[in-house]
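Engineer: Have a look at the structure that comes next, please.
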Amino acid sequence: MTKRFYTPLFDFIFKLIFGDQRNIAVLTALLAAALDLPEAEFDHLTIIDPYLKREFEDDKMSILDVKVHTQSGAVINVEMQVETGQELRKRIVLSTAKMLTEQIKRGDEYNQTERVVSIVICGGMLIPEEK
């Protein structure tokens, strides 16, 4: 019988490590290393529902790997994606936009939205270098 080695590159393993409130210290360390935010932002991270709400029945369903709120209300999306390409870039833009629009309702001012950050950990080049 051969043993199978699982890494965080597997979606379900990544979510177990970083998307579980019981492992919030691990997620906090990742975010602190990746983001230039004040330390206080990481004091009370809350992992929230990774499903981005659909406004209309025909809207595309979006499910994030890890979605978290910081103490100030900023929303952070952390994605693990082995395959890269145009579709991934478009999906990240769409999910980031949805995280912004989820925060605002009719009659609200645009300045009421909190900061939204998407971190993409990928197995290849997401944005190729230009000449």
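Each chain of the structure tokens is named A, B, ... in the order shown, its residues numbered from 1; ligands are numbered from 1 in display order.
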So which residues touch Ala29 (chain A) within 9 Å, counting only C-alpha atoms, skipping near sequence neighbours fewer than 5 positions away, as a PyMOL selection string?
Structural biologist: chain A and resi 24+34+42
Engineer: Go ahead and write the residues just picked, all heavy atoms, as a PDB file, in the first residue's frame.
Structural biologist:
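Saved the output as out-v6.pdb:
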ATOM      1  N   ILE A  24      -6.385  29.757  14.147  1.00  0.00           N
ATOM      2  CA  ILE A  24      -6.300  31.185  13.836  1.00  0.00           C
ATOM      3  C   ILE A  24      -4.872  31.722  13.999  1.00  0.00           C
ATOM      4  O   ILE A  24      -4.477  32.642  13.279  1.00  0.00           O
ATOM      5  CB  ILE A  24      -7.317  31.997  14.679  1.00  0.00           C
ATOM      6  CG1 ILE A  24      -7.590  33.353  14.019  1.00  0.00           C
ATOM      7  CG2 ILE A  24      -6.886  32.134  16.108  1.00  0.00           C
ATOM      8  CD1 ILE A  24      -8.342  33.282  12.736  1.00  0.00           C
ATOM      9  N   ALA A  34       2.435  38.497   5.162  1.00  0.00           N
ATOM     10  CA  ALA A  34       2.089  38.915   3.798  1.00  0.00           C
ATOM     11  C   ALA A  34       1.617  40.358   3.702  1.00  0.00           C
ATOM     12  O   ALA A  34       1.747  40.978   2.648  1.00  0.00           O
ATOM     13  CB  ALA A  34       1.007  37.991   3.246  1.00  0.00           C
ATOM     14  N   PHE A  42      -4.544  42.205  13.649  1.00  0.00           N
ATOM     15  CA  PHE A  42      -4.540  40.753  13.736  1.00  0.00           C
ATOM     16  C   PHE A  42      -4.972  40.231  15.106  1.00  0.00           C
ATOM     17  O   PHE A  42      -4.987  39.032  15.331  1.00  0.00           O
ATOM     18  CB  PHE A  42      -3.143  40.228  13.388  1.00  0.00           C
ATOM     19  CG  PHE A  42      -2.676  40.663  12.026  1.00  0.00           C
ATOM     20  CD1 PHE A  42      -1.617  41.546  11.896  1.00  0.00           C
ATOM     21  CD2 PHE A  42      -3.308  40.215  10.875  1.00  0.00           C
ATOM     22  CE1 PHE A  42      -1.182  41.954  10.647  1.00  0.00           C
ATOM     23  CE2 PHE A  42      -2.884  40.621   9.621  1.00  0.00           C
ATOM     24  CZ  PHE A  42      -1.829  41.489   9.507  1.00  0.00           C
TER      25      PHE A  42
END
Engineer: So which residues touch Thr46 (chain A) within 10 Å, counting only C-alpha atoms, skipping near sequence neighbours fewer than 2 positions away, as number ranges by chain?
Structural biologist: A: 19-21, 24, 42-44, 48-49, 67-71, 73, 75
Engineer: From the set A:Val26, A:Ala74, A:Met80, A:Leu64, which residue has the shortest atom-to-atom contact distance to Gln103 (chain A), counting only C-alpha atoms?
Structural biologist: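 Using only C-alpha atoms, Gln103 (chain A) sits closest to A:Ala74.
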Engineer: From the list A:Ser95, A:Asn77, A:Thr28, A:Ser62, which residue is nearest Val120 (chain A) when using only C-alpha atoms?
Structural biologist: A:Asn77
Engineer: Which residues in region 56-97 of chain A does DSSP call alpha helix (DSSP H)? List them as JSON, numbers by chain.
Structural biologist: {"A": [86, 87, 88, 89, 90, 91, 92, 93, 94, 95, 96, 97]}
Engineer: Between A:Val82, A:Ala32, A:Met61, A:Leu88, which has the minimum distance to Phe14 (chain A) (counting only C-alpha atoms)?
Structural biologist: A:Val82
Engineer: Go through A:Asp65, A:Ile47, A:Asp59, A:Gln81 and flag the residue nearest Lys15 (chain A), using only C-alpha atoms for the distances.
Structural biologist: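 Going through A:Asp65, A:Ile47, A:Asp59, A:Gln81 one by one, the smallest distance to Lys15 (chain A) is for A:Asp65.
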Engineer: Pick out the closest residue to Gln86 (chain A) from this set: A:Ile127, A:Leu52, A:Val116, A:Val66. Count only C-alpha atoms.
Structural biologist: A:Ile127
